[in-house]
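Okay, run.csv is below, CSV, C-alpha atoms:
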chain,number,residue,atom,x,y,z
A,1,MET,CA,164.6,70.1,106.8
A,2,PRO,CA,164.0,70.6,103.0
A,3,THR,CA,166.7,69.2,100.7
A,4,HIS,CA,165.3,70.2,97.3
A,5,PRO,CA,162.6,72.7,96.2
A,6,PRO,CA,159.3,71.3,95.1
A,7,ILE,CA,158.3,71.9,91.5
A,8,THR,CA,155.4,73.9,92.8
A,9,ASP,CA,156.7,76.7,94.9
A,10,SER,CA,156.0,76.4,98.6
A,11,PRO,CA,154.5,79.5,100.2
A,12,PHE,CA,157.1,82.1,101.1
A,13,SER,CA,156.9,83.6,104.6
A,14,ILE,CA,159.1,85.8,106.8
A,15,ASP,CA,158.8,85.7,110.6
A,16,VAL,CA,160.7,88.5,112.5
A,17,ASP,CA,161.6,88.0,116.2
A,18,ARG,CA,163.1,91.1,117.8
A,19,ARG,CA,165.6,90.4,120.7
A,20,ASP,CA,167.1,93.6,122.3
A,21,ASP,CA,169.7,94.8,119.8
A,22,ALA,CA,169.3,91.8,117.5
A,23,ALA,CA,166.6,90.4,115.2
A,24,VAL,CA,166.0,86.8,114.2
A,25,VAL,CA,164.4,86.5,110.8
A,26,ARG,CA,163.1,83.0,109.8
A,27,LEU,CA,162.6,82.4,106.1
A,28,VAL,CA,160.2,79.7,105.1
A,29,GLY,CA,159.4,78.2,101.7
A,30,SER,CA,160.5,79.4,98.2
A,31,CYS,CA,162.0,82.8,97.8
A,32,THR,CA,161.4,83.0,94.1
A,33,MET,CA,161.7,85.9,91.6
A,34,ASP,CA,158.1,87.1,92.1
A,35,VAL,CA,158.3,87.3,95.9
A,36,ALA,CA,162.0,88.3,96.5
A,37,GLY,CA,160.9,91.9,96.9
A,38,GLN,CA,159.2,91.0,100.2
A,39,LEU,CA,162.6,89.9,101.6
A,40,GLY,CA,164.2,93.1,100.4
A,41,GLU,CA,161.6,95.3,102.2
A,42,CYS,CA,162.0,93.3,105.4
A,43,VAL,CA,165.8,93.3,105.5
A,44,LYS,CA,165.9,97.0,104.4
A,45,GLY,CA,163.6,98.0,107.3
A,46,LEU,CA,165.5,96.0,109.9
A,47,ALA,CA,168.9,97.3,108.6
A,48,GLY,CA,167.7,100.8,109.4
A,49,GLU,CA,167.3,100.0,113.1
A,50,LYS,CA,171.0,99.9,113.9
A,51,LEU,CA,171.0,96.2,115.0
A,52,ARG,CA,174.1,94.6,116.4
A,53,VAL,CA,173.3,91.4,114.5
A,54,LEU,CA,170.7,90.3,112.1
A,55,VAL,CA,170.2,86.5,112.2
A,56,LEU,CA,168.7,84.7,109.2
A,57,GLU,CA,167.3,81.3,110.2
A,58,LEU,CA,167.2,79.3,106.9
A,59,SER,CA,166.4,75.7,107.9
A,60,ALA,CA,163.0,75.9,106.2
A,61,LEU,CA,164.1,77.8,103.1
A,62,ASP,CA,163.9,75.5,100.1
A,63,PHE,CA,164.8,78.0,97.3
A,64,ILE,CA,166.3,81.4,96.7
A,65,GLU,CA,167.6,83.1,93.6
A,66,SER,CA,170.0,86.0,93.0
A,67,THR,CA,167.5,88.8,93.6
A,68,GLY,CA,166.8,87.4,97.1
A,69,LEU,CA,170.5,86.9,97.7
A,70,GLY,CA,171.1,90.5,96.5
A,71,ASN,CA,168.5,91.8,98.9
A,72,ILE,CA,170.3,90.2,101.8
A,73,VAL,CA,173.6,91.8,100.6
A,74,ALA,CA,171.9,95.2,100.3
A,75,GLY,CA,170.8,94.8,103.9
A,76,TYR,CA,174.2,93.7,105.0
A,77,LEU,CA,175.7,96.9,103.4
A,78,ARG,CA,173.4,99.1,105.5
A,79,ILE,CA,174.0,97.1,108.7
A,80,ARG,CA,177.8,97.3,108.2
A,81,ARG,CA,177.7,101.1,108.3
A,82,HIS,CA,177.1,100.9,112.0
A,83,ARG,CA,179.3,97.9,112.5
A,84,GLY,CA,176.5,95.4,112.7
A,85,GLU,CA,176.6,91.9,111.3
A,86,VAL,CA,174.4,89.5,109.3
A,87,ARG,CA,174.7,85.8,110.4
A,88,MET,CA,173.0,82.7,109.0
A,89,VAL,CA,171.7,79.6,110.7
A,90,SER,CA,171.2,76.1,109.3
A,91,PRO,CA,170.9,76.6,105.5
A,92,PRO,CA,169.8,73.3,103.8
A,93,GLN,CA,172.4,71.8,101.5
A,94,PRO,CA,171.1,73.4,98.2
A,95,ILE,CA,171.0,76.8,99.8
A,96,LEU,CA,174.5,76.3,101.3
A,97,ASN,CA,175.8,75.3,97.9
A,98,LEU,CA,174.4,78.6,96.5
A,99,LEU,CA,176.1,80.6,99.3
A,100,GLU,CA,179.4,78.8,98.6
A,101,ILE,CA,179.3,79.2,94.8
A,102,THR,CA,178.6,82.9,95.2
A,103,ARG,CA,181.2,83.1,98.0
A,104,LEU,CA,178.7,84.9,100.2
A,105,THR,CA,179.9,82.6,103.0
A,106,GLN,CA,182.8,85.1,103.1
A,107,LEU,CA,180.3,87.8,104.2
A,108,PHE,CA,177.8,85.8,106.2
A,109,PRO,CA,179.1,83.4,109.0
A,110,ILE,CA,177.1,80.2,109.1
A,111,HIS,CA,176.0,78.9,112.5
A,112,ASN,CA,174.3,75.7,113.7
A,113,THR,CA,171.8,77.4,116.1
A,114,VAL,CA,170.1,80.7,116.6
A,115,GLU,CA,171.6,81.1,120.1
A,116,GLU,CA,175.1,80.5,118.7
A,117,ALA,CA,174.5,83.2,116.0
A,118,LEU,CA,173.2,85.7,118.6
A,119,ALA,CA,176.3,85.4,120.8
A,120,PRO,CA,178.4,88.5,121.0
B,1,MET,CA,160.7,73.2,70.1
B,2,LYS,CA,157.6,74.2,72.2
B,3,LYS,CA,157.0,77.9,72.4
B,4,ILE,CA,155.3,80.1,75.1
B,5,VAL,CA,154.9,83.8,75.1
B,6,VAL,CA,154.2,85.6,78.3
B,7,PRO,CA,153.7,89.3,79.3
B,8,ASN,CA,156.6,91.0,80.9
B,9,ASP,CA,155.4,90.1,84.4
B,10,LEU,CA,157.4,87.9,86.8
B,11,ALA,CA,154.3,86.3,88.4
B,12,LYS,CA,153.0,85.3,84.9
B,13,ALA,CA,156.5,84.0,84.0
B,14,LYS,CA,156.0,81.3,86.7
B,15,LYS,CA,153.5,79.4,84.5
B,16,PRO,CA,156.1,78.3,81.8
B,17,GLU,CA,158.6,77.6,84.6
B,18,ARG,CA,156.1,75.1,86.2
B,19,MET,CA,155.3,73.6,82.8
B,20,ILE,CA,159.0,73.0,82.0
B,21,LEU,CA,159.8,71.6,85.5
B,22,GLU,CA,156.9,69.2,85.3
B,23,GLU,CA,158.2,67.9,81.9
B,24,ILE,CA,161.7,67.6,83.3
B,25,GLU,CA,160.4,65.5,86.3
B,26,ALA,CA,158.2,63.4,84.0
B,27,CYS,CA,161.3,62.7,81.9
B,28,GLY,CA,163.1,61.3,84.9
B,29,TYR,CA,165.6,63.9,85.7
B,30,CYS,CA,167.0,64.0,89.2
B,31,GLU,CA,166.2,66.6,91.9
B,32,ASN,CA,169.5,68.3,91.5
B,33,ALA,CA,168.7,68.8,87.8
B,34,THR,CA,165.3,70.2,88.7
B,35,PHE,CA,166.9,72.6,91.1
B,36,ALA,CA,169.5,73.7,88.4
B,37,ILE,CA,166.8,74.4,85.8
B,38,LYS,CA,164.5,76.1,88.2
B,39,LEU,CA,167.3,78.4,89.3
B,40,ALA,CA,168.5,79.1,85.7
B,41,LEU,CA,164.9,79.8,84.5
B,42,GLU,CA,164.4,82.3,87.4
B,43,GLU,CA,167.7,84.1,86.7
B,44,ALA,CA,167.1,84.3,82.9
B,45,MET,CA,163.5,85.5,83.2
B,46,THR,CA,164.4,88.0,85.8
B,47,ASN,CA,167.1,89.4,83.5
B,48,ALA,CA,164.7,89.5,80.6
B,49,PHE,CA,162.1,91.3,82.7
B,50,ARG,CA,164.4,93.8,84.4
B,51,HIS,CA,167.4,94.4,82.1
B,52,GLY,CA,166.0,93.4,78.7
B,53,ASN,CA,162.4,94.6,78.8
B,54,LYS,CA,163.1,97.3,81.5
B,55,CYS,CA,160.1,96.3,83.5
B,56,ASP,CA,157.8,97.5,80.7
B,57,PRO,CA,154.5,95.7,81.0
B,58,SER,CA,153.7,96.2,77.3
B,59,LYS,CA,156.6,93.9,76.3
B,60,GLN,CA,156.8,90.2,76.2
B,61,ILE,CA,159.1,87.3,77.1
B,62,THR,CA,159.3,84.3,74.7
B,63,ILE,CA,160.3,80.9,76.0
B,64,GLN,CA,161.1,78.0,73.6
B,65,TYR,CA,162.1,74.6,74.9
B,66,GLU,CA,162.8,71.0,74.1
B,67,ILE,CA,163.1,68.3,76.7
B,68,THR,CA,164.4,64.8,75.8
B,69,PRO,CA,165.7,62.1,78.1
B,70,GLU,CA,169.2,63.2,77.2
B,71,CYS,CA,169.1,66.9,77.2
B,72,VAL,CA,167.1,70.0,78.3
B,73,GLU,CA,167.4,73.0,76.0
B,74,ILE,CA,165.7,76.3,76.7
B,75,GLU,CA,165.8,79.7,74.9
B,76,ILE,CA,164.6,82.9,76.6
B,77,ARG,CA,164.2,86.0,74.5
B,78,ASP,CA,163.2,89.5,75.5
B,79,GLU,CA,162.4,92.6,73.4
B,80,GLY,CA,165.2,94.7,74.8
B,81,GLU,CA,168.3,96.2,73.1
B,82,GLY,CA,170.6,93.4,74.4
B,83,PHE,CA,173.8,93.6,76.3
B,84,GLN,CA,177.3,92.1,76.3
B,85,PRO,CA,177.4,89.4,79.1
B,86,ASP,CA,181.2,89.4,79.1
B,87,VAL,CA,181.4,93.0,80.5
B,88,VAL,CA,179.4,91.9,83.6
B,89,PRO,CA,182.0,91.9,86.5
B,90,ASP,CA,182.8,88.6,88.2
B,91,PRO,CA,180.7,88.7,91.4
B,92,THR,CA,183.0,86.3,93.2
B,93,LEU,CA,186.1,88.6,93.0
B,94,PRO,CA,186.9,90.2,96.4
B,95,GLU,CA,186.2,93.7,95.1
B,96,ASN,CA,182.7,92.6,93.9
B,97,ILE,CA,181.6,90.2,96.7
B,98,ASP,CA,179.5,92.8,98.5
B,99,ARG,CA,177.7,94.1,95.4
B,100,PRO,CA,173.9,93.5,95.6
B,101,HIS,CA,173.6,92.7,91.9
B,102,GLY,CA,175.3,90.7,89.2
B,103,ARG,CA,175.1,87.1,90.3
B,104,GLY,CA,172.5,85.7,87.9
B,105,ILE,CA,174.7,84.9,84.9
B,106,MET,CA,177.4,83.4,87.1
B,107,LEU,CA,174.8,81.2,88.8
B,108,MET,CA,173.4,80.0,85.5
B,109,ARG,CA,176.9,79.1,84.3
B,110,SER,CA,177.7,77.3,87.5
B,111,TYR,CA,174.6,75.0,87.4
B,112,LEU,CA,174.2,74.4,83.6
B,113,ASP,CA,176.4,72.8,80.9
B,114,GLU,CA,175.9,75.7,78.5
B,115,VAL,CA,174.7,79.3,78.7
B,116,LYS,CA,175.1,81.2,75.5
B,117,TYR,CA,173.8,84.7,74.6
B,118,CYS,CA,173.0,85.5,71.0
B,119,LYS,CA,175.1,88.2,69.3
B,120,THR,CA,172.5,90.9,69.9
B,121,GLY,CA,172.4,89.9,73.6
B,122,ASN,CA,168.6,89.7,74.0
B,123,SER,CA,168.3,86.0,73.9
B,124,VAL,CA,170.0,83.3,76.0
B,125,ARG,CA,170.2,79.6,75.3
B,126,LEU,CA,170.4,77.3,78.3
B,127,VAL,CA,171.5,73.7,78.0
B,128,MET,CA,171.7,70.9,80.6
B,129,ARG,CA,172.7,67.4,79.6
B,130,ARG,CA,171.7,64.3,81.6
B,131,LYS,CA,174.7,63.2,83.8

How does this structure look as structure tokens?
Amino acid sequence: MPTHPPITDSPFSIDVDRRDDAAVVRLVGSCTMDVAGQLGECVKGLAGEKLRVLVLELSALDFIESTGLGNIVAGYLRIRRHRGEVRMVSPPQPILNLLEITRLTQLFPIHNTVEEALAP
Amino acid sequence: MKKIVVPNDLAKAKKPERMILEEIEACGYCENATFAIKLALEEAMTNAFRHGNKCDPSKQITIQYEITPECVEIEIRDEGEGFQPDVVPDPTLPENIDRPHGRGIMLMRSYLDEVKYCKTGNSVRLVMRRK
């Protein structure tokens, strides 16, 4: 599990796993200012599918800035329209600190495992 | 102070970010300090690119910096008309918590010792002192 971002950004990737009325999105690497739009496109697309829950698995995410966080919030707003939820799993400590400072933990419950986050 | 001028392009703005972070590491700053500066640089350059230079590729972002064992000081300037940072709503208030935008300045202020905009609002000075 990463604890701090490397000086050189690690490659950012998004892996989507569809599970019935839910989706598990695994974010890997550094979600920096120049790639945050990829996250926005992904979340926006999934948010239009009337999911019950969108799970963001963050254990391999080593960096995210406010554009990336904002893209997640924008997806949350779309999902909330049909009473869906966005839940997060295993953010490393620096990412958890960001979520707490911005108080986004009030919007996104934090879970220890994907299975726990997928529970009704 | 060292000075770097880059086109108004977020991918090209990564180069001065890397140079600054390498110097910070070489100067012996801890990983938490590197995280704080990296985050603040990304927030300030995104603001310069998007809100200052309005995504105009013909404009530029100017970065000046000085790194000593005691202090990191960075100034980022855009070619925009500037803004008043005090009118940006507090994104942590309950009524703003679900807004997609407006967290950049708050994050910079949370992680650094000093974040000060010039009077015209198109330049920001970032300071972090060694703990």

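Straight-line separation from CA of Lys15 in chain B to CA of Phe63 in chain A: 17.1 Å.
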
Per residue of chain A within 6 Å of chain B, which atom pair is closest and at what distance in Å (one decimal), using only C-alpha atoms, listed by chain and increasing number, as JSON lines?
{"residue": "A:Asp34", "atom": "CA", "partner": "B:Ala11", "partner_atom": "CA", "distance": 5.4}
{"residue": "A:Ser66", "atom": "CA", "partner": "B:Gly104", "partner_atom": "CA", "distance": 5.7}
{"residue": "A:Gly70", "atom": "CA", "partner": "B:Pro100", "partner_atom": "CA", "distance": 4.2}
{"residue": "A:Val73", "atom": "CA", "partner": "B:Pro100", "partner_atom": "CA", "distance": 5.3}
{"residue": "A:Ala74", "atom": "CA", "partner": "B:Pro100", "partner_atom": "CA", "distance": 5.4}
{"residue": "A:Thr102", "atom": "CA", "partner": "B:Thr92", "partner_atom": "CA", "distance": 5.9}

Q: Please provide as a list in words all residues within 7 Å of Ile110 in chain A, with the sequence filter that same-chain residues fewer than 6 positions apart are discarded (counting only C-alpha atoms).
A: Arg87, Met88 and Val89 of chain A

Kindly provide, as lines of an AutoDock Vina configuration file, the centre and edge lengths (Å, one decimal) of an axis-aligned box around all atoms of range 9-28 of chain A given in the file, with 4 Å on each side.
center_x = 162.1
center_y = 85.6
center_z = 108.6
size_x = 23.2
size_y = 26.4
size_z = 35.4

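Each of B:Thr68, B:Phe83, B:Leu126, B:Thr62 was compared to Glu114 in chain B using all atoms listed in the file, and B:Leu126 turns out to be the nearest.
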
Q | Close residues, range 51-60 of chain B itself excluded, 9 Å, only C-alpha atoms, min 5 positions apart in chain, as a ChimeraX atom specification | A | /B:5-9,46,77-83,121-122

Those selected residues, please, written with C-alpha atoms and delivered as a PDB file, in the frame of the given file.
ATOM      1  CA  VAL B   5     154.900  83.800  75.100  1.00  0.00           C
ATOM      2  CA  VAL B   6     154.200  85.600  78.300  1.00  0.00           C
ATOM      3  CA  PRO B   7     153.700  89.300  79.300  1.00  0.00           C
ATOM      4  CA  ASN B   8     156.600  91.000  80.900  1.00  0.00           C
ATOM      5  CA  ASP B   9     155.400  90.100  84.400  1.00  0.00           C
ATOM      6  CA  THR B  46     164.400  88.000  85.800  1.00  0.00           C
ATOM      7  CA  ARG B  77     164.200  86.000  74.500  1.00  0.00           C
ATOM      8  CA  ASP B  78     163.200  89.500  75.500  1.00  0.00           C
ATOM      9  CA  GLU B  79     162.400  92.600  73.400  1.00  0.00           C
ATOM     10  CA  GLY B  80     165.200  94.700  74.800  1.00  0.00           C
ATOM     11  CA  GLU B  81     168.300  96.200  73.100  1.00  0.00           C
ATOM     12  CA  GLY B  82     170.600  93.400  74.400  1.00  0.00           C
ATOM     13  CA  PHE B  83     173.800  93.600  76.300  1.00  0.00           C
ATOM     14  CA  GLY B 121     172.400  89.900  73.600  1.00  0.00           C
ATOM     15  CA  ASN B 122     168.600  89.700  74.000  1.00  0.00           C
TER      16      ASN B 122
END

Q: Work out how far apart CA of Phe49 in chain B and CA of Leu99 in chain A are and give it in Å to one decimal.
A: 24.2 Å
